[in-house]
file run26.tsv (TSV, C-alpha atoms and all ligand atoms)
chain	number	residue	atom	x	y	z
M	1	MET	CA	2.47	3.91	6.25
M	2	ALA	CA	3.34	7.52	5.72
M	3	ALA	CA	3.39	9.75	8.77
M	4	VAL	CA	1.38	12.44	7.01
M	5	GLU	CA	-2.34	12.93	6.77
M	6	PRO	CA	-3.84	14.05	3.48
M	7	PRO	CA	-5.99	17.18	3.98
M	8	THR	CA	-9.07	15.34	2.70
M	9	LEU	CA	-8.89	12.97	5.68
M	10	ALA	CA	-8.01	15.61	8.30
M	11	GLN	CA	-10.78	16.59	10.66
M	12	ALA	CA	-11.80	19.62	8.60
M	13	GLY	CA	-11.43	17.84	5.23
M	14	LYS	CA	-14.24	16.24	3.26
M	15	GLY	CA	-13.43	12.78	4.57
M	16	GLY	CA	-12.94	13.99	8.14
M	17	LEU	CA	-16.29	15.79	8.12
M	18	LYS	CA	-18.01	12.73	6.73
M	19	ARG	CA	-16.38	10.62	9.43
M	20	GLY	CA	-17.83	12.92	12.11
M	21	GLU	CA	-21.22	12.94	10.43
M	22	HIS	CA	-21.32	9.13	10.30
M	23	ARG	CA	-20.45	8.94	13.97
M	24	GLN	CA	-23.28	11.29	14.92
M	25	GLN	CA	-25.76	9.42	12.74
M	26	ARG	CA	-24.83	6.05	14.19
M	27	GLU	CA	-24.69	7.23	17.77
M	28	ALA	CA	-28.22	8.64	17.38
M	29	ASP	CA	-29.49	5.56	15.55
M	30	PRO	CA	-27.34	2.41	15.28
M	31	GLY	CA	-29.31	1.33	12.20
M	32	ALA	CA	-29.04	4.63	10.33
M	33	PRO	CA	-28.18	4.10	6.64
M	34	LEU	CA	-24.81	5.61	5.74
M	35	HIS	CA	-23.50	6.82	2.41
M	36	PHE	CA	-19.87	6.71	1.49
M	37	PRO	CA	-18.70	9.35	-0.99
M	38	ASP	CA	-15.47	8.31	-2.65
M	39	HIS	CA	-13.13	10.68	-0.77
M	40	GLY	CA	-10.46	7.98	-0.64
M	41	ASN	CA	-9.88	8.63	-4.32
M	42	GLU	CA	-9.02	12.32	-3.97
M	43	ALA	CA	-5.66	13.34	-5.46
M	44	ASP	CA	-4.06	14.06	-2.08
M	45	VAL	CA	-5.01	10.66	-0.63
M	46	ARG	CA	-3.80	8.81	-3.70
M	47	GLY	CA	-0.63	10.90	-3.79
M	48	VAL	CA	0.20	10.04	-0.17
M	49	LEU	CA	-0.43	6.36	-0.82
M	50	TYR	CA	1.71	6.37	-3.95
M	51	ALA	CA	4.52	8.14	-2.17
M	52	SER	CA	4.64	5.54	0.58
M	53	GLN	CA	3.85	2.43	-1.42
M	54	GLY	CA	5.00	3.18	-4.94
M	55	ARG	CA	2.90	2.08	-7.89
M	56	VAL	CA	2.86	-1.40	-6.53
M	57	CYS	CA	-0.07	-3.52	-5.35
M	58	GLY	CA	0.00	-3.85	-1.57
M	59	PHE	CA	-1.21	-7.44	-1.71
M	60	CYS	CA	0.67	-9.13	-4.56
M	61	GLY	CA	3.65	-6.83	-5.20
M	62	SER	CA	2.85	-6.40	-8.92
M	63	LEU	CA	3.33	-3.14	-10.74
M	64	LEU	CA	0.06	-1.28	-11.29
M	65	PRO	CA	-0.45	-0.98	-15.04
M	66	GLN	CA	-0.34	2.46	-16.66
M	67	ASN	CA	-3.94	2.22	-17.73
M	68	ASP	CA	-5.16	1.10	-14.29
M	69	ARG	CA	-3.76	3.35	-11.63
M	70	GLY	CA	-4.80	1.14	-8.80
M	71	ASP	CA	-7.74	0.94	-6.43
M	72	VAL	CA	-7.70	2.58	-3.04
M	73	GLU	CA	-8.71	-0.51	-1.18
M	74	HIS	CA	-10.16	-0.65	2.34
M	75	TYR	CA	-8.32	-3.34	4.29
M	76	ARG	CA	-11.29	-3.60	6.64
M	77	PRO	CA	-14.35	-3.19	4.40
M	78	LYS	CA	-16.30	-0.02	5.09
M	79	ASN	CA	-19.70	-1.37	4.23
M	80	SER	CA	-20.88	-4.96	4.13
M	81	VAL	CA	-18.45	-7.70	5.10
M	82	LYS	CA	-18.34	-11.15	3.65
M	83	SER	CA	-16.89	-13.80	5.87
M	84	GLY	CA	-17.04	-17.34	4.58
M	85	ALA	CA	-20.57	-18.08	3.47
M	86	ARG	CA	-22.04	-15.43	5.69
M	87	ILE	CA	-22.89	-12.04	4.27
M	88	GLU	CA	-23.68	-9.34	6.73
M	89	ALA	CA	-26.21	-6.63	6.11
M	90	PRO	CA	-25.02	-3.46	4.36
M	91	ASN	CA	-23.42	-1.02	6.76
M	92	GLY	CA	-22.50	-3.93	8.99
M	93	GLY	CA	-18.90	-3.25	8.07
M	94	TYR	CA	-16.17	-1.08	9.54
M	95	TRP	CA	-17.89	2.18	8.65
M	96	TRP	CA	-15.83	4.17	11.18
M	97	LEU	CA	-12.67	3.26	9.21
M	98	ALA	CA	-14.02	4.43	5.84
M	99	TYR	CA	-11.90	7.60	5.90
M	100	GLU	CA	-8.80	6.46	7.77
M	101	LEU	CA	-5.52	6.46	5.88
M	102	GLY	CA	-4.28	3.49	7.91
M	103	ASN	CA	-7.12	1.39	6.52
M	104	TYR	CA	-6.17	2.13	2.89
M	105	LEU	CA	-3.90	0.22	0.56
M	106	LEU	CA	-3.27	0.68	-3.13
M	107	SER	CA	-4.19	-2.52	-4.81
M	108	CYS	CA	-4.40	-3.96	-8.31
M	109	SER	CA	-7.83	-4.81	-9.65
M	110	ARG	CA	-7.10	-8.55	-9.53
M	111	CYS	CA	-6.42	-8.46	-5.81
M	112	ASN	CA	-9.13	-5.97	-4.93
M	113	ARG	CA	-12.04	-6.61	-7.26
M	114	THR	CA	-11.55	-10.27	-8.06
M	115	LEU	CA	-10.08	-11.74	-4.89
M	116	LYS	CA	-10.68	-9.54	-1.88
M	117	ARG	CA	-13.85	-7.61	-2.62
M	118	THR	CA	-15.71	-7.25	0.70
M	119	LYS	CA	-14.09	-10.24	2.34
M	120	PHE	CA	-12.43	-9.88	5.68
M	121	PRO	CA	-12.29	-13.33	7.24
M	122	LEU	CA	-11.61	-13.85	10.92
M	123	ARG	CA	-10.61	-17.03	12.66
M	124	ASP	CA	-13.46	-16.54	15.08
M	125	GLU	CA	-16.49	-14.62	13.83
M	126	ALA	CA	-17.57	-13.92	17.43
M	127	ARG	CA	-14.57	-11.62	17.78
M	128	ARG	CA	-15.51	-9.32	14.94
M	129	LEU	CA	-15.12	-5.70	15.98
M	130	ARG	CA	-18.10	-3.44	16.40
M	131	TYR	CA	-18.09	0.31	16.76
M	132	ASP	CA	-18.22	0.02	20.57
M	133	THR	CA	-15.32	-2.47	20.69
M	134	ARG	CA	-13.35	-0.72	17.92
M	135	LYS	CA	-10.41	0.23	20.12
M	136	ASP	CA	-9.45	-3.38	20.67
M	137	LEU	CA	-8.08	-4.03	17.16
M	138	ALA	CA	-5.60	-6.60	18.44
M	139	ALA	CA	-8.37	-8.86	19.76
M	140	GLU	CA	-9.95	-9.35	16.37
M	141	ASP	CA	-7.38	-11.74	14.94
M	142	PRO	CA	-8.00	-11.35	11.21
M	143	VAL	CA	-6.92	-14.09	8.83
M	144	LEU	CA	-5.26	-11.63	6.45
M	145	ALA	CA	-2.12	-9.94	7.72
M	146	HIS	CA	-1.94	-6.26	6.82
M	147	PRO	CA	0.97	-5.93	4.38
M	148	ALA	CA	2.09	-2.53	5.66
M	149	TRP	CA	1.57	-3.01	9.39
M	150	GLU	CA	2.98	-6.41	9.96
M	151	ASP	CA	6.40	-6.42	8.40
M	152	LEU	CA	5.60	-9.05	5.84
M	153	GLU	CA	9.06	-8.25	4.53
M	154	ASP	CA	10.49	-10.09	7.49
M	155	TRP	CA	7.88	-12.78	7.36
M	156	VAL	CA	8.19	-13.93	3.77
M	157	ILE	CA	11.09	-15.34	1.86
M	158	ALA	CA	11.26	-16.10	-1.81
M	159	ASP	CA	12.64	-19.27	-3.25
M	160	LEU	CA	14.99	-17.44	-5.55
M	161	GLU	CA	15.09	-20.19	-8.16
M	162	ASN	CA	11.40	-20.67	-8.77
M	163	GLY	CA	9.89	-17.40	-7.49
M	164	ILE	CA	7.69	-19.12	-4.91
M	165	LEU	CA	7.00	-17.18	-1.68
M	166	GLU	CA	7.14	-19.00	1.64
M	167	PRO	CA	6.99	-18.15	5.34
M	168	ALA	CA	10.43	-17.16	6.61
M	169	PRO	CA	12.21	-19.60	8.91
M	170	GLY	CA	12.04	-18.66	12.57
M	171	LEU	CA	8.43	-17.47	12.54
M	172	ASP	CA	6.24	-18.71	15.33
M	173	ALA	CA	3.28	-20.91	14.41
M	174	GLU	CA	0.85	-17.99	14.51
M	175	GLN	CA	2.91	-15.79	12.17
M	176	ARG	CA	3.45	-18.72	9.86
M	177	ARG	CA	-0.27	-19.39	9.72
M	178	ARG	CA	-0.98	-15.76	8.83
M	179	VAL	CA	1.60	-15.67	6.04
M	180	GLU	CA	0.23	-18.88	4.58
M	181	ALA	CA	-3.30	-17.51	4.77
M	182	ILE	CA	-2.55	-14.24	2.98
M	183	GLY	CA	-0.50	-16.09	0.34
M	184	GLU	CA	-3.32	-18.53	-0.27
M	185	PHE	CA	-5.95	-15.79	-0.33
M	186	PHE	CA	-4.09	-13.71	-2.93
M	187	ARG	CA	-2.87	-16.80	-4.81
M	188	TRP	CA	0.77	-15.79	-4.48
M	189	ASN	CA	2.05	-19.14	-5.70
M	190	ARG	CA	-0.91	-20.34	-7.71
M	191	ASP	CA	-1.05	-17.57	-10.28
M	192	GLY	CA	1.35	-18.51	-13.05
M	193	LEU	CA	1.76	-14.95	-14.37
M	194	LEU	CA	2.60	-13.63	-10.93
M	195	VAL	CA	5.20	-16.35	-10.29
M	196	GLN	CA	6.68	-15.74	-13.73
M	197	ASP	CA	6.87	-12.00	-13.08
M	198	ARG	CA	8.77	-12.63	-9.85
M	199	ARG	CA	11.23	-14.90	-11.65
M	200	ARG	CA	11.74	-12.22	-14.30
M	201	VAL	CA	12.53	-9.64	-11.62
M	202	ILE	CA	15.04	-11.93	-9.92
M	203	SER	CA	16.90	-12.73	-13.13
M	204	GLU	CA	16.89	-9.12	-14.31
M	205	ALA	CA	18.29	-7.88	-11.00
M	206	LEU	CA	20.95	-10.55	-11.14
M	207	ARG	CA	21.96	-9.53	-14.64
M	208	TYR	CA	22.25	-5.90	-13.56
M	209	VAL	CA	24.44	-6.90	-10.60
M	210	GLU	CA	26.72	-8.88	-12.92
M	211	ASP	CA	26.88	-6.01	-15.43
M	212	GLY	CA	27.74	-3.55	-12.65
M	213	ARG	CA	24.60	-1.48	-13.28
M	214	GLU	CA	24.35	-0.50	-9.66
M	215	ASP	CA	21.91	2.39	-10.08
M	216	ALA	CA	19.43	0.12	-11.82
M	217	VAL	CA	19.79	-2.49	-9.06
M	218	ARG	CA	19.11	0.15	-6.41
M	219	VAL	CA	15.92	1.18	-8.15
M	220	MET	CA	14.79	-2.44	-8.37
M	221	ALA	CA	15.49	-2.89	-4.65
M	222	SER	CA	13.41	0.18	-3.75
M	223	ARG	CA	10.13	-0.30	-1.97
M	224	HIS	CA	8.21	1.31	-4.82
M	225	SER	CA	9.44	-1.20	-7.41
M	226	ARG	CA	7.57	-4.41	-8.07
M	227	HIS	CA	8.62	-7.48	-6.07
M	228	SER	CA	11.46	-5.46	-4.52
M	229	LEU	CA	11.48	-7.81	-1.53
M	230	LEU	CA	12.99	-10.50	-3.73
M	231	VAL	CA	15.74	-8.22	-4.95
M	232	VAL	CA	16.58	-7.13	-1.40
M	233	GLN	CA	16.77	-10.73	-0.25
M	234	ARG	CA	19.02	-11.65	-3.16
M	235	LEU	CA	21.37	-8.75	-2.41
M	236	LYS	CA	21.59	-9.84	1.23
M	237	GLN	CA	22.34	-13.36	0.16
M	238	TYR	CA	25.19	-12.08	-2.03
M	239	ASN	CA	26.50	-9.79	0.71
M	240	ARG	CA	25.80	-6.79	-1.49
M	241	GLU	CA	23.86	-4.86	1.16
M	242	GLU	CA	25.47	-1.65	-0.02
M	243	LEU	CA	23.14	-1.81	-3.04
M	244	ILE	CA	20.01	-1.73	-0.85
M	245	PRO	CA	18.80	1.89	-0.91
M	246	SER	CA	18.08	3.92	2.22
M	247	ALA	CA	14.56	5.31	2.69
M	248	ASP	CA	15.69	8.70	1.36
M	249	GLU	CA	17.32	7.10	-1.68
M	250	GLU	CA	14.06	5.28	-2.34
M	251	ARG	CA	12.22	8.59	-2.21
M	252	GLN	CA	14.68	10.11	-4.65
M	253	SER	CA	14.23	7.40	-7.22
M	254	MET	CA	10.46	7.62	-6.87
M	255	ALA	CA	10.65	11.40	-7.34
M	256	ILE	CA	12.72	10.97	-10.52
M	257	GLU	CA	10.00	8.71	-11.91
M	258	VAL	CA	7.22	11.11	-11.00
M	259	LEU	CA	9.04	14.17	-12.36
M	260	ALA	CA	9.54	12.35	-15.67
M	261	GLU	CA	5.80	11.66	-15.80
M	262	LEU	CA	5.04	15.29	-15.04
M	263	GLU	CA	7.01	16.28	-18.12
M	264	ILE	CA	4.41	14.44	-20.15
M	265	GLU	CA	1.42	15.50	-18.07
M	266	PRO	CA	2.24	18.77	-16.33
M	267	GLY	CA	0.15	19.86	-13.37
M	268	GLU	CA	-1.32	16.43	-12.73
M	269	GLU	CA	-2.47	16.84	-9.14
M	270	GLU	CA	-1.98	13.34	-7.82
M	271	ARG	CA	1.66	13.38	-8.93
M	272	LEU	CA	2.22	16.79	-7.39
M	273	TRP	CA	0.96	15.32	-4.12
M	274	VAL	CA	3.44	12.47	-4.45
M	275	LEU	CA	6.30	15.01	-4.64
M	276	ARG	CA	4.90	17.00	-1.74
M	277	THR	CA	4.62	13.86	0.39
M	278	LEU	CA	8.13	12.71	-0.49
M	279	TRP	CA	9.41	16.14	0.55
M	280	GLU	CA	7.45	16.00	3.79
M	281	LEU	CA	8.92	12.61	4.69
M	282	SER	CA	12.51	13.23	3.61
M	283	GLY	CA	15.64	14.45	5.34
M	284	ALA	CA	17.13	17.88	4.65
M	285	ALA	CA	19.41	16.74	1.81
M	286	VAL	CA	16.59	15.19	-0.20
M	287	ARG	CA	14.33	18.13	0.54
M	288	GLY	CA	16.85	20.53	-0.97
M	289	TRP	CA	17.37	18.24	-3.93
M	290	LEU	CA	13.60	17.97	-4.47
M	291	GLU	CA	13.09	21.73	-4.33
M	292	GLN	CA	15.70	22.15	-7.02
M	293	ARG	CA	14.14	19.46	-9.17
M	294	TRP	CA	10.62	20.83	-9.05
M	295	GLU	CA	11.96	24.29	-9.82
M	296	GLU	CA	13.68	22.85	-12.92
M	297	ALA	CA	10.56	20.92	-13.86
M	298	GLY	CA	8.52	24.13	-13.72
M	299	CYS	CA	6.05	22.88	-11.11
M	300	ARG	CA	7.39	24.75	-8.10
M	301	VAL	CA	4.34	27.01	-7.62
M	302	GLU	CA	1.93	24.11	-7.89
M	303	VAL	CA	3.79	21.82	-5.47
M	304	GLU	CA	4.40	24.51	-2.88
M	305	LYS	CA	0.74	25.44	-2.94
M	306	LEU	CA	-0.10	22.01	-1.53
M	307	ARG	CA	-0.19	21.88	2.25
M	308	PHE	CA	-0.70	19.14	4.78
E	401	ZN	ZN	-2.36	-7.29	-6.58

call {"tool": "encode", "arguments": {"input": "run26.tsv", "output": "structure tokens"}}
result
Amino acid sequence: MAAVEPPTLAQAGKGGLKRGEHRQQREADPGAPLHFPDHGNEADVRGVLYASQGRVCGFCGSLLPQNDRGDVEHYRPKNSVKSGARIEAPNGGYWWLAYELGNYLLSCSRCNRTLKRTKFPLRDEARRLRYDTRKDLAAEDPVLAHPAWEDLEDWVIADLENGILEPAPGLDAEQRRRVEAIGEFFRWNRDGLLVQDRRRVISEALRYVEDGREDAVRVMASRHSRHSLLVVQRLKQYNREELIPSADEERQSMAIEVLAELEIEPGEEERLWVLRTLWELSGAAVRGWLEQRWEEAGCRVEVEKLRF
């Protein structure tokens, strides 16, 4: 997750103020009804998420389609929580995490609206966190691993022939169980289109390696490209680690994509926030490069106006 906080979620931002208001309401009356304005969808929040995740679903690794720019999904549901057959009352959810960046993931509509919805299963319902036990996140033991927090990249390997994802060898039983659970939940290996898409990515990357199209391979191996984990694993297997991009190279290729989109839709705020976030997270060389690029693209004033 990015080490920047979008202004909307800072203490004085709309989300931060709402967070404080909710806390006061609930501390005065634990049953107080809460309302959740959609501050997670503000341009700065989405921009920060795009910059760290790419336009890729956090749960299944698919590319978010152009006409569906992805849902800002709450990993721990903010409102009601469904766990197995049991549905808790509204506002029984993790309301105090409604405006926390760390609880957000960009997700495709299949994973968010069809599969996950308000589900957040635990192995032991008795351990579900409440506001007063909220600090003890580790004790909750959720069934679904968090894709950004738990290094799923090290936990999952792809069968490079058939595109099937499996727990990596060397995991302990607990890690293995969690990988299997998240894979089953999001139908990683049971959705034919998803498996086919992974196979397509593997064979395309392989073709590019054979044709010596190294720049294209590096983009495919970047975190913000779909199913990039598979490409990275393939490159390691072939001892072609030099084609795996550094974090700053990943940011550069993402910026190139976003600048090209801004040529079509100048001034689009979410994209400007992506550039600003990439700048914020990058080393000096990429920062200088970015400044030059947004000057050339004619969006310098707009990007530099944005402040964390
Ligand atoms: Zn998805």

call {"tool": "closest_atom_pairs", "arguments": {"input": "run26.tsv", "of": "chain M", "to": "ligand ZN 401 (chain E)", "cutoff": "12 Å", "atoms": "all atoms listed in the file", "output": "Markdown table"}}
result
| residue | atom | partner | partner_atom | distance |
| --- | --- | --- | --- | --- |
| M:Arg55 | CA | E:ZN401 | ZN | 10.8 |
| M:Val56 | CA | E:ZN401 | ZN | 7.9 |
| M:Cys57 | CA | E:ZN401 | ZN | 4.6 |
| M:Gly58 | CA | E:ZN401 | ZN | 6.5 |
| M:Phe59 | CA | E:ZN401 | ZN | 5.0 |
| M:Cys60 | CA | E:ZN401 | ZN | 4.1 |
| M:Gly61 | CA | E:ZN401 | ZN | 6.2 |
| M:Ser62 | CA | E:ZN401 | ZN | 5.8 |
| M:Leu63 | CA | E:ZN401 | ZN | 8.2 |
| M:Leu64 | CA | E:ZN401 | ZN | 8.0 |
| M:Pro65 | CA | E:ZN401 | ZN | 10.7 |
| M:Asp68 | CA | E:ZN401 | ZN | 11.7 |
| M:Arg69 | CA | E:ZN401 | ZN | 11.9 |
| M:Gly70 | CA | E:ZN401 | ZN | 9.1 |
| M:Asp71 | CA | E:ZN401 | ZN | 9.8 |
| M:Val72 | CA | E:ZN401 | ZN | 11.8 |
| M:Glu73 | CA | E:ZN401 | ZN | 10.7 |
| M:Leu105 | CA | E:ZN401 | ZN | 10.5 |
| M:Leu106 | CA | E:ZN401 | ZN | 8.7 |
| M:Ser107 | CA | E:ZN401 | ZN | 5.4 |
| M:Cys108 | CA | E:ZN401 | ZN | 4.3 |
| M:Ser109 | CA | E:ZN401 | ZN | 6.7 |
| M:Arg110 | CA | E:ZN401 | ZN | 5.7 |
| M:Cys111 | CA | E:ZN401 | ZN | 4.3 |
| M:Asn112 | CA | E:ZN401 | ZN | 7.1 |
| M:Arg113 | CA | E:ZN401 | ZN | 9.7 |
| M:Thr114 | CA | E:ZN401 | ZN | 9.8 |
| M:Leu115 | CA | E:ZN401 | ZN | 9.1 |
| M:Lys116 | CA | E:ZN401 | ZN | 9.8 |
| M:Pro147 | CA | E:ZN401 | ZN | 11.5 |
| M:Ile182 | CA | E:ZN401 | ZN | 11.8 |
| M:Gly183 | CA | E:ZN401 | ZN | 11.3 |
| M:Phe185 | CA | E:ZN401 | ZN | 11.1 |
| M:Phe186 | CA | E:ZN401 | ZN | 7.6 |
| M:Arg187 | CA | E:ZN401 | ZN | 9.7 |
| M:Trp188 | CA | E:ZN401 | ZN | 9.3 |
| M:Asp191 | CA | E:ZN401 | ZN | 11.0 |
| M:Leu193 | CA | E:ZN401 | ZN | 11.7 |
| M:Leu194 | CA | E:ZN401 | ZN | 9.1 |
| M:Arg226 | CA | E:ZN401 | ZN | 10.4 |
| M:His227 | CA | E:ZN401 | ZN | 11.0 |

call {"tool": "closest_residue", "arguments": {"input": "run26.tsv", "among": "M:Gly31, M:Gln11, M:Val48, M:Arg19", "to": "Lys78 (chain M)", "atoms": "only C-alpha atoms"}}
result
M:Arg19

call {"tool": "residues_around", "arguments": {"input": "run26.tsv", "residues": "Pro30 (chain M)", "least_positions_apart": "4", "cutoff": "12 Å", "atoms": "only C-alpha atoms", "output": "ChimeraX atom specification"}}
result
/M:22-26,34,91-92,95,130-132

call {"tool": "residues_near_point", "arguments": {"input": "run26.tsv", "point": "(10.0, 17.0, -1.6)", "cutoff": "6 Å", "atoms": "all atoms listed in the file", "output": "ChimeraX atom specification"}}
result
/M:275-276,278-279,287,290

call {"tool": "residues_around", "arguments": {"input": "run26.tsv", "residues": "Asp159 (chain M)", "least_positions_apart": "5", "cutoff": "10 Å", "atoms": "all atoms listed in the file", "output": "PDB file with C-alpha atoms, in the coordinates of the input"}}
result
ATOM      1  CA  ILE M 164       7.690 -19.120  -4.910  1.00  0.00           C
ATOM      2  CA  LEU M 165       7.000 -17.180  -1.680  1.00  0.00           C
ATOM      3  CA  GLU M 166       7.140 -19.000   1.640  1.00  0.00           C
ATOM      4  CA  ARG M 199      11.230 -14.900 -11.650  1.00  0.00           C
ATOM      5  CA  LEU M 230      12.990 -10.500  -3.730  1.00  0.00           C
ATOM      6  CA  GLN M 233      16.770 -10.730  -0.250  1.00  0.00           C
ATOM      7  CA  ARG M 234      19.020 -11.650  -3.160  1.00  0.00           C
TER       8      ARG M 234
END

call {"tool": "axis_aligned_box", "arguments": {"input": "run26.tsv", "around": "region 52-56 of chain M", "padding_each_side": "5 Å", "output": "JSON"}}
result
{"center_x": 3.9, "center_y": 2.1, "center_z": -3.7, "size_x": 12.1, "size_y": 16.9, "size_z": 18.5}

call {"tool": "residues_around", "arguments": {"input": "run26.tsv", "residues": "Gly40 (chain M)", "least_positions_apart": "4", "cutoff": "8 Å", "atoms": "all atoms listed in the file", "output": "JSON, numbers by chain"}}
result
{"M": [15, 45, 46, 72, 99]}

call {"tool": "closest_residue", "arguments": {"input": "run26.tsv", "among": "M:Ala260, M:Ala28, M:Leu272, M:Ala12", "to": "Tyr50 (chain M)", "atoms": "all atoms listed in the file"}}
result
M:Leu272

call {"tool": "atom_distance", "arguments": {"input": "run26.tsv", "atom1": "CA of Arg176 (chain M)", "atom2": "CA of Trp155 (chain M)"}}
result
7.8 Å

call {"tool": "residues_around", "arguments": {"input": "run26.tsv", "residues": "Ala43 (chain M)", "least_positions_apart": "5", "cutoff": "10 Å", "atoms": "all atoms listed in the file", "output": "PyMOL selection string"}}
result
chain M and resi 6+8+48-49+268-274

call {"tool": "residues_around", "arguments": {"input": "run26.tsv", "residues": "Glu291 (chain M)", "least_positions_apart": "4", "cutoff": "12 Å", "atoms": "all atoms listed in the file", "output": "count of residues only"}}
result
23

call {"tool": "atom_distance", "arguments": {"input": "run26.tsv", "atom1": "CA of Ser222 (chain M)", "atom2": "CA of Ile244 (chain M)"}}
result
7.5 Å

call {"tool": "closest_residue", "arguments": {"input": "run26.tsv", "among": "M:Asn79, M:Thr118, M:Gln237, M:Ser225", "to": "Leu206 (chain M)", "atoms": "only C-alpha atoms"}}
result
M:Gln237

call {"tool": "atom_distance", "arguments": {"input": "run26.tsv", "atom1": "CA of Leu229 (chain M)", "atom2": "CA of Glu153 (chain M)"}}
result
6.5 Å

call {"tool": "build_atoms", "arguments": {"input": "run26.tsv", "residues": "region 224-239 of chain M", "atoms": "N, CA, C and O atoms", "output": "PDB file, in the coordinates of the input"}}
result
ATOM      1  N   HIS M 224       9.260   0.983  -3.854  1.00  0.00           N
ATOM      2  CA  HIS M 224       8.210   1.310  -4.820  1.00  0.00           C
ATOM      3  C   HIS M 224       8.358   0.538  -6.122  1.00  0.00           C
ATOM      4  O   HIS M 224       7.619   0.798  -7.069  1.00  0.00           O
ATOM      5  N   SER M 225       9.322  -0.379  -6.202  1.00  0.00           N
ATOM      6  CA  SER M 225       9.440  -1.200  -7.410  1.00  0.00           C
ATOM      7  C   SER M 225       8.783  -2.556  -7.169  1.00  0.00           C
ATOM      8  O   SER M 225       8.753  -3.042  -6.043  1.00  0.00           O
ATOM      9  N   ARG M 226       8.313  -3.157  -8.235  1.00  0.00           N
ATOM     10  CA  ARG M 226       7.570  -4.410  -8.070  1.00  0.00           C
ATOM     11  C   ARG M 226       8.483  -5.515  -7.519  1.00  0.00           C
ATOM     12  O   ARG M 226       9.658  -5.587  -7.871  1.00  0.00           O
ATOM     13  N   HIS M 227       7.934  -6.321  -6.654  1.00  0.00           N
ATOM     14  CA  HIS M 227       8.620  -7.480  -6.070  1.00  0.00           C
ATOM     15  C   HIS M 227      10.004  -7.131  -5.513  1.00  0.00           C
ATOM     16  O   HIS M 227      10.932  -7.942  -5.577  1.00  0.00           O
ATOM     17  N   SER M 228      10.140  -5.918  -4.975  1.00  0.00           N
ATOM     18  CA  SER M 228      11.460  -5.460  -4.520  1.00  0.00           C
ATOM     19  C   SER M 228      12.001  -6.336  -3.377  1.00  0.00           C
ATOM     20  O   SER M 228      13.211  -6.467  -3.213  1.00  0.00           O
ATOM     21  N   LEU M 229      11.077  -6.922  -2.624  1.00  0.00           N
ATOM     22  CA  LEU M 229      11.480  -7.810  -1.530  1.00  0.00           C
ATOM     23  C   LEU M 229      12.437  -8.903  -2.009  1.00  0.00           C
ATOM     24  O   LEU M 229      13.412  -9.250  -1.341  1.00  0.00           O
ATOM     25  N   LEU M 230      12.157  -9.427  -3.187  1.00  0.00           N
ATOM     26  CA  LEU M 230      12.990 -10.500  -3.730  1.00  0.00           C
ATOM     27  C   LEU M 230      14.391 -10.009  -4.048  1.00  0.00           C
ATOM     28  O   LEU M 230      15.377 -10.713  -3.845  1.00  0.00           O
ATOM     29  N   VAL M 231      14.443  -8.784  -4.575  1.00  0.00           N
ATOM     30  CA  VAL M 231      15.740  -8.220  -4.950  1.00  0.00           C
ATOM     31  C   VAL M 231      16.556  -7.968  -3.678  1.00  0.00           C
ATOM     32  O   VAL M 231      17.745  -8.299  -3.608  1.00  0.00           O
ATOM     33  N   VAL M 232      15.888  -7.409  -2.668  1.00  0.00           N
ATOM     34  CA  VAL M 232      16.580  -7.130  -1.400  1.00  0.00           C
ATOM     35  C   VAL M 232      17.123  -8.430  -0.803  1.00  0.00           C
ATOM     36  O   VAL M 232      18.282  -8.501  -0.371  1.00  0.00           O
ATOM     37  N   GLN M 233      16.318  -9.461  -0.822  1.00  0.00           N
ATOM     38  CA  GLN M 233      16.770 -10.730  -0.250  1.00  0.00           C
ATOM     39  C   GLN M 233      17.963 -11.297  -1.021  1.00  0.00           C
ATOM     40  O   GLN M 233      18.902 -11.834  -0.446  1.00  0.00           O
ATOM     41  N   ARG M 234      17.912 -11.142  -2.330  1.00  0.00           N
ATOM     42  CA  ARG M 234      19.020 -11.650  -3.160  1.00  0.00           C
ATOM     43  C   ARG M 234      20.318 -10.880  -2.848  1.00  0.00           C
ATOM     44  O   ARG M 234      21.388 -11.458  -2.745  1.00  0.00           O
ATOM     45  N   LEU M 235      20.181  -9.560  -2.696  1.00  0.00           N
ATOM     46  CA  LEU M 235      21.370  -8.750  -2.410  1.00  0.00           C
ATOM     47  C   LEU M 235      21.970  -9.123  -1.051  1.00  0.00           C
ATOM     48  O   LEU M 235      23.188  -9.178  -0.891  1.00  0.00           O
ATOM     49  N   LYS M 236      21.092  -9.413  -0.090  1.00  0.00           N
ATOM     50  CA  LYS M 236      21.590  -9.840   1.230  1.00  0.00           C
ATOM     51  C   LYS M 236      22.318 -11.165   1.108  1.00  0.00           C
ATOM     52  O   LYS M 236      23.391 -11.361   1.682  1.00  0.00           O
ATOM     53  N   GLN M 237      21.740 -12.040   0.339  1.00  0.00           N
ATOM     54  CA  GLN M 237      22.340 -13.360   0.160  1.00  0.00           C
ATOM     55  C   GLN M 237      23.735 -13.257  -0.476  1.00  0.00           C
ATOM     56  O   GLN M 237      24.629 -14.023  -0.165  1.00  0.00           O
ATOM     57  N   TYR M 238      23.907 -12.283  -1.352  1.00  0.00           N
ATOM     58  CA  TYR M 238      25.190 -12.080  -2.030  1.00  0.00           C
ATOM     59  C   TYR M 238      26.126 -11.150  -1.271  1.00  0.00           C
ATOM     60  O   TYR M 238      27.148 -10.730  -1.810  1.00  0.00           O
ATOM     61  N   ASN M 239      25.713 -10.770  -0.060  1.00  0.00           N
ATOM     62  CA  ASN M 239      26.500  -9.790   0.710  1.00  0.00           C
ATOM     63  C   ASN M 239      26.733  -8.502  -0.060  1.00  0.00           C
ATOM     64  O   ASN M 239      27.823  -7.933  -0.029  1.00  0.00           O
TER      65      ASN M 239
END
